[in-house]
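Data block for target.pdb (PDB, C-alpha atoms):
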```
ATOM      1  CA  MET A 835      63.629   7.954 160.209
ATOM      2  CA  GLN A 836      62.684   9.377 156.848
ATOM      3  CA  PRO A 837      65.809  11.588 156.486
ATOM      4  CA  SER A 838      68.083   8.596 157.092
ATOM      5  CA  VAL A 839      66.326   6.633 154.339
ATOM      6  CA  ASN A 840      66.727   9.573 151.970
ATOM      7  CA  GLN A 841      70.365   9.854 152.965
ATOM      8  CA  GLN A 842      70.910   6.179 152.208
ATOM      9  CA  ASP A 843      69.227   6.598 148.832
ATOM     10  CA  ASN A 844      71.426   9.584 148.019
ATOM     11  CA  GLU A 845      74.558   7.701 149.052
ATOM     12  CA  GLU A 846      73.530   4.716 146.960
ATOM     13  CA  ARG A 847      72.898   6.922 143.929
ATOM     14  CA  SER A 848      76.206   8.688 144.464
ATOM     15  CA  TRP A 849      78.002   5.331 144.690
ATOM     16  CA  ARG A 850      76.331   4.121 141.498
ATOM     17  CA  THR A 851      77.263   7.338 139.703
ATOM     18  CA  ARG A 852      80.904   7.066 140.800
ATOM     19  CA  PHE A 853      80.984   3.398 139.839
ATOM     20  CA  ARG A 854      79.513   4.182 136.414
ATOM     21  CA  CYS A 855      81.966   7.035 135.835
ATOM     22  CA  THR A 856      84.883   4.863 136.926
ATOM     23  CA  GLY A 857      83.782   2.071 134.599
ATOM     24  CA  GLU A 858      83.409   4.427 131.661
ATOM     25  CA  GLY A 859      86.799   5.957 132.423
ATOM     26  CA  LEU A 860      88.475   2.543 132.472
ATOM     27  CA  ILE A 861      86.835   1.633 129.177
ATOM     28  CA  ARG A 862      88.023   4.858 127.574
ATOM     29  CA  LEU A 863      91.544   4.329 128.882
ATOM     30  CA  SER A 864      91.631   0.780 127.576
ATOM     31  CA  LEU A 865      90.427   1.667 124.077
ATOM     32  CA  PRO A 866      93.656   3.319 122.754
ATOM     33  CA  PRO A 867      95.993   0.420 123.708
ATOM     34  CA  ALA A 868      93.402  -2.056 122.442
ATOM     35  CA  LEU A 869      93.235  -0.215 119.114
ATOM     36  CA  ILE A 870      97.038  -0.098 118.872
ATOM     37  CA  ALA A 871      97.291  -3.819 119.634
ATOM     38  CA  ALA A 872      94.607  -4.701 117.083
ATOM     39  CA  SER A 873      96.198  -2.472 114.431
ATOM     40  CA  SER A 874      99.667  -3.931 115.032
ATOM     41  CA  THR A 875      98.313  -7.473 114.865
ATOM     42  CA  LEU A 876      96.486  -6.733 111.617
ATOM     43  CA  ILE A 877      99.571  -5.148 110.034
ATOM     44  CA  ARG A 878     101.835  -8.036 111.025
ATOM     45  CA  SER A 879      99.333 -10.650 109.870
ATOM     46  CA  ASN A 880      98.913  -8.916 106.503
ATOM     47  CA  GLN A 881     102.682  -8.743 106.090
ATOM     48  CA  TYR A 882     102.939 -12.455 106.870
ATOM     49  CA  LEU A 883     100.190 -13.338 104.404
ATOM     50  CA  MET A 884     101.844 -11.340 101.623
ATOM     51  CA  ARG A 885     104.883 -13.636 101.657
ATOM     52  CA  PRO A 886     105.295 -15.565  98.371
ATOM     53  CA  GLU A 887     105.081 -18.913 100.154
ATOM     54  CA  VAL A 888     101.957 -18.060 102.188
ATOM     55  CA  PHE A 889      99.160 -16.150 100.412
ATOM     56  CA  PRO A 890     100.453 -13.327  98.163
ATOM     57  CA  TYR A 891      97.041 -12.373  96.759
ATOM     58  CA  PRO A 892      96.001  -8.954  98.118
ATOM     59  CA  PHE A 893      92.887  -8.683  95.952
ATOM     60  CA  VAL A 894      91.476 -12.002  97.177
ATOM     61  CA  LEU A 895      92.410 -11.093 100.742
ATOM     62  CA  ILE A 896      90.492  -7.806 100.543
ATOM     63  CA  ILE A 897      87.469  -9.514  98.981
ATOM     64  CA  MET A 898      87.401 -11.885 101.968
ATOM     65  CA  HIS A 899      87.833  -8.889 104.274
ATOM     66  CA  CYS A 900      84.881  -7.061 102.705
ATOM     67  CA  ILE A 901      82.665 -10.142 102.822
ATOM     68  CA  PHE A 902      83.428 -10.734 106.501
ATOM     69  CA  CYS A 903      82.821  -7.070 107.381
ATOM     70  CA  SER A 904      79.506  -7.095 105.493
ATOM     71  CA  ILE A 905      78.325 -10.238 107.297
ATOM     72  CA  PHE A 906      79.442  -8.884 110.675
ATOM     73  CA  ALA A 907      77.695  -5.533 110.029
ATOM     74  CA  LEU A 908      74.497  -7.369 109.029
ATOM     75  CA  VAL A 909      74.559  -9.502 112.177
ATOM     76  CA  LEU A 910      75.171  -6.399 114.288
ATOM     77  CA  PHE A 911      72.283  -4.640 112.566
ATOM     78  CA  VAL A 912      69.941  -7.543 113.311
ATOM     79  CA  CYS A 913      71.072  -7.820 116.941
ATOM     80  CA  SER A 914      71.195  -4.087 117.695
ATOM     81  CA  PRO A 915      69.409  -1.901 115.121
ATOM     82  CA  GLY A 916      69.865   1.175 117.334
ATOM     83  CA  LEU A 917      73.536   1.278 116.334
ATOM     84  CA  TYR A 918      72.402   2.280 112.833
ATOM     85  CA  PRO A 919      70.254   5.403 113.346
ATOM     86  CA  ALA A 920      70.551   6.376 109.676
ATOM     87  CA  LEU A 921      68.643   3.191 108.820
ATOM     88  CA  THR A 922      66.268   2.801 111.777
ATOM     89  CA  ASP A 923      65.630   6.223 113.340
ATOM     90  CA  PRO A 924      62.648   7.902 111.586
ATOM     91  CA  ASP A 925      64.025  11.389 112.323
ATOM     92  CA  ARG A 926      67.534  10.625 111.029
ATOM     93  CA  LYS A 927      66.759   7.965 108.457
ATOM     94  CA  VAL A 928      68.508   8.304 105.089
ATOM     95  CA  SER A 929      66.729   7.296 101.913
ATOM     96  CA  LEU A 930      68.927   4.738 100.129
ATOM     97  CA  THR A 931      67.922   4.975  96.486
ATOM     98  CA  SER A 932      69.705   3.527  93.477
ATOM     99  CA  ASN A 933      71.059   7.010  92.747
ATOM    100  CA  THR A 934      72.552   7.169  96.267
ATOM    101  CA  TYR A 935      74.282   3.837  95.782
ATOM    102  CA  ILE A 936      75.685   4.788  92.373
ATOM    103  CA  ARG A 937      76.777   8.373  93.108
ATOM    104  CA  GLU A 938      77.855   8.121  96.764
ATOM    105  CA  ILE A 939      78.253   4.612  98.174
ATOM    106  CA  LEU A 940      79.813   2.900  95.147
ATOM    107  CA  PRO A 941      82.644   5.451  94.569
ATOM    108  CA  ILE A 942      83.547   5.540  98.269
ATOM    109  CA  SER A 943      83.573   1.748  98.576
ATOM    110  CA  THR A 944      85.605   1.421  95.355
ATOM    111  CA  PHE A 945      88.333   3.813  96.499
ATOM    112  CA  PHE A 946      88.340   2.148  99.921
ATOM    113  CA  ALA A 947      88.791  -1.323  98.409
ATOM    114  CA  VAL A 948      91.533  -0.169  96.023
ATOM    115  CA  SER A 949      93.317   1.557  98.907
ATOM    116  CA  LEU A 950      93.278  -1.655 100.954
ATOM    117  CA  VAL A 951      94.475  -3.786  98.032
ATOM    118  CA  LEU A 952      97.398  -1.467  97.279
ATOM    119  CA  SER A 953      98.261  -1.108 100.963
ATOM    120  CA  ASN A 954      98.504  -4.874 101.399
ATOM    121  CA  MET A 955     100.343  -5.274  98.108
ATOM    122  CA  ALA A 956     103.013  -2.855  99.310
ATOM    123  CA  TYR A 957     103.961  -5.333 102.063
ATOM    124  CA  LYS A 958     105.351  -7.605  99.336
ATOM    125  CA  TYR A 959     108.035  -5.064  98.465
ATOM    126  CA  SER A 960     108.791  -2.957 101.564
ATOM    127  CA  THR A 961     109.113  -3.295 105.322
ATOM    128  CA  VAL A 962     106.381  -2.393 107.798
ATOM    129  CA  ALA A 963     108.428   0.409 109.373
ATOM    130  CA  PHE A 964     109.082   1.992 105.986
ATOM    131  CA  LEU A 965     105.443   1.831 104.904
ATOM    132  CA  GLN A 966     104.167   3.185 108.220
ATOM    133  CA  MET A 967     106.419   6.212 107.837
ATOM    134  CA  ILE A 968     105.218   6.736 104.264
ATOM    135  CA  LYS A 969     101.613   6.579 105.465
ATOM    136  CA  GLU A 970     102.338   9.603 107.638
ATOM    137  CA  SER A 971     102.398  11.649 104.434
ATOM    138  CA  ASN A 972      98.717  10.860 103.847
ATOM    139  CA  ILE A 973      97.787  14.077 105.603
ATOM    140  CA  VAL A 974      99.702  16.000 102.911
ATOM    141  CA  ASN A 975      97.675  14.400 100.115
ATOM    142  CA  ILE A 976      94.442  14.948 101.991
ATOM    143  CA  TYR A 977      95.219  18.612 102.663
ATOM    144  CA  PHE A 978      96.171  19.540  99.095
ATOM    145  CA  MET A 979      93.211  17.642  97.693
ATOM    146  CA  SER A 980      90.932  19.422 100.179
ATOM    147  CA  VAL A 981      92.317  22.776  99.009
ATOM    148  CA  LEU A 982      91.737  21.817  95.375
ATOM    149  CA  VAL A 983      88.081  20.913  95.927
ATOM    150  CA  GLY A 984      87.440  23.904  98.194
ATOM    151  CA  ILE A 985      86.967  22.109 101.507
ATOM    152  CA  GLU A 986      90.061  23.700 103.092
ATOM    153  CA  HIS A 987      91.624  27.130 102.634
ATOM    154  CA  PHE A 988      95.281  27.657 101.831
ATOM    155  CA  SER A 989      97.245  28.502 104.977
ATOM    156  CA  PRO A 990     100.994  29.283 105.158
ATOM    157  CA  VAL A 991     101.145  27.937 108.714
ATOM    158  CA  GLN A 992      99.628  24.617 107.676
ATOM    159  CA  ILE A 993     101.933  24.467 104.655
ATOM    160  CA  SER A 994     104.998  24.944 106.878
ATOM    161  CA  ILE A 995     103.839  22.115 109.131
ATOM    162  CA  LEU A 996     103.273  19.862 106.122
ATOM    163  CA  VAL A 997     106.732  20.712 104.741
ATOM    164  CA  VAL A 998     108.302  19.568 108.008
ATOM    165  CA  MET A 999     106.294  16.336 107.836
ATOM    166  CA  VAL A1000     107.349  15.702 104.232
ATOM    167  CA  LEU A1001     111.017  16.291 105.043
ATOM    168  CA  ALA A1002     110.817  13.896 107.980
ATOM    169  CA  THR A1003     109.062  11.289 105.834
ATOM    170  CA  TRP A1004     111.546  11.512 102.995
ATOM    171  CA  GLY A1005     114.368  11.356 105.519
ATOM    172  CA  CYS A1006     113.026   7.908 106.356
ATOM    173  CA  VAL A1007     112.907   7.015 102.656
ATOM    174  CA  LYS A1008     116.540   8.003 102.214
ATOM    175  CA  GLY A1009     117.617   5.924 105.190
ATOM    176  CA  GLU A1010     115.780   2.759 104.135
ATOM    177  CA  MET A1011     118.239  -0.149 103.867
ATOM    178  CA  ASN A1012     116.111  -2.170 101.438
ATOM    179  CA  PHE A1013     114.472   0.572  99.396
ATOM    180  CA  SER A1014     111.938  -0.545  96.805
ATOM    181  CA  LEU A1015     110.610   1.947  94.264
ATOM    182  CA  ILE A1016     107.711  -0.376  93.468
ATOM    183  CA  GLY A1017     106.727  -0.523  97.131
ATOM    184  CA  LEU A1018     106.909   3.278  97.353
ATOM    185  CA  LEU A1019     104.743   3.770  94.257
ATOM    186  CA  VAL A1020     102.190   1.178  95.370
ATOM    187  CA  GLN A1021     101.895   2.805  98.797
ATOM    188  CA  ALA A1022     101.642   6.231  97.138
ATOM    189  CA  GLY A1023      98.711   4.924  95.100
ATOM    190  CA  SER A1024      97.071   3.667  98.281
ATOM    191  CA  SER A1025      97.617   7.056  99.956
ATOM    192  CA  THR A1026      96.080   8.850  96.978
ATOM    193  CA  CYS A1027      92.988   6.646  97.140
ATOM    194  CA  GLU A1028      92.685   7.350 100.864
ATOM    195  CA  ALA A1029      92.926  11.093 100.208
ATOM    196  CA  VAL A1030      90.175  10.912  97.598
ATOM    197  CA  LEU A1031      88.094   8.773  99.967
ATOM    198  CA  SER A1032      88.488  11.265 102.825
ATOM    199  CA  ASN A1033      87.347  14.168 100.669
ATOM    200  CA  MET A1034      84.416  12.237  99.184
ATOM    201  CA  ALA A1035      83.211  11.228 102.644
ATOM    202  CA  TYR A1036      83.409  14.813 103.951
TER     203      TYR A1036
END
```
Please rewrite the model in this file as structure tokens.
Amino acid sequence: MQPSVNQQDNEERSWRTRFRCTGEGLIRLSLPPALIAASSTLIRSNQYLMRPEVFPYPFVLIIMHCIFCSIFALVLFVCSPGLYPALTDPDRKVSLTSNTYIREILPISTFFAVSLVLSNMAYKYSTVAFLQMIKESNIVNIYFMSVLVGIEHFSPVQISILVVMVLATWGCVKGEMNFSLIGLLVQAGSSTCEAVLSNMAY
């Protein structure tokens, strides 16, 4: 009688393990399309808001965005402190001094905010498809800036890949029906801020 009970327990544990693995697999499979859908919705909504007759104020929009994210992060911290190990875990806790805020957090948040403002402002002058193609050149800015600060090493293979990416990106620029130099420069400024942000956060 005892072996059958053990067998039932093993089968039940095996079923629970398979069910858990299946559930985790479904969640992981659903995350990429959910992220794509959320990103597309955000891009389209920002483009709509940047219309002159709607709400063409990117700075105010980003301020509202930052306030909402701060409130949401605070609520999440209160409800589930374990999601913030750098603030709650004694072994991994980071000391947040005034020097840390001034030298690390403030520059990163400033470049992040400026990047968002310029990115939304670019929607006033250029199409979404054009700007998305220009954003693909961000990796070029990040790479060269990483080489300059010593994070990455110069590699001919990587340079050749980046050259192909730049040519493809500028092919899109040349084929743009409603080209706007202002939109290109604004998006370039946003890309530069993102490159600086990526290297500062390294």
query = Mind telling me what the PyMOL selection byres ((chain A and resi 978) around 12) catches here, as a list of chain:residue names?
reply =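 What the PyMOL selection byres ((chain A and resi 978) around 12) grabs from the file is A:Ser971, A:Asn972, A:Ile973, A:Val974, A:Asn975, A:Ile976, A:Tyr977, A:Met979, A:Ser980, A:Val981, A:Leu982, A:Val983, A:Gly984, A:Ile985, A:Glu986, A:His987, A:Phe988, A:Ser989, A:Gln992, A:Ile993, A:Leu996, A:Thr1026, A:Ala1029, A:Val1030, A:Ser1032, A:Asn1033.
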ask   = So how many Å separate atom CA of Met955 of chain A and atom CA of Gly1017 of chain A, to one decimal?
value = 8.0 Å
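In this model, the gap between atom CA of Pro915 of chain A and atom CA of Asn933 of chain A comes to 24.1 Å.
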inquiry  = Which residue is closest to Ile896 of chain A? Choose from A:Tyr957, A:Phe1013, A:Phe964, A:Phe946 and count all atoms listed in the file.
reply    = A:Phe946
task = I need the residue set behind the PyMOL selection byres ((chain A and resi 1012) around 9) for this file; please write it as a ChimeraX atom specification.
result = /A:960-961,1010-1011,1013-1014
Written selection (C-alpha atoms) as a compact mmCIF listing (two decimals), in the coordinates of the input:
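Now in selection_25.txt:
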```
# COMPACT_ATOMS: atom_id res chain seq x y z
CA SER A 960 108.79 -2.96 101.56
CA THR A 961 109.11 -3.30 105.32
CA GLU A 1010 115.78 2.76 104.14
CA MET A 1011 118.24 -0.15 103.87
CA PHE A 1013 114.47 0.57 99.40
CA SER A 1014 111.94 -0.55 96.80
```
Taking every listed atom of segment 945-954 of chain A and adding 4 Å to each side, what centre and edge lengths in Å (one decimal) does the axis-aligned box have, as JSON?
```
{"center_x": 93.4, "center_y": -0.5, "center_z": 98.7, "size_x": 18.2, "size_y": 16.7, "size_z": 13.4}
```
May I have the residues within 12 Å of Cys900 of chain A as a tab-separated table (two decimals) with C-alpha atoms, keeping the file's coordinate frame, using all atoms listed in the file and disregarding those fewer than 6 positions away in the same chain?
```
chain	number	residue	atom	x	y	z
A	893	PHE	CA	92.89	-8.68	95.95
A	894	VAL	CA	91.48	-12.00	97.18
A	906	PHE	CA	79.44	-8.88	110.68
A	907	ALA	CA	77.69	-5.53	110.03
A	943	SER	CA	83.57	1.75	98.58
A	944	THR	CA	85.60	1.42	95.36
A	946	PHE	CA	88.34	2.15	99.92
A	947	ALA	CA	88.79	-1.32	98.41
A	948	VAL	CA	91.53	-0.17	96.02
A	950	LEU	CA	93.28	-1.66	100.95
A	951	VAL	CA	94.48	-3.79	98.03
```
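Take the candidates A:Gln966, A:His899, A:Ala956, A:Ser949 and check each one against Ser873 of chain A using all atoms listed in the file; the shortest distance goes to A:Gln966.
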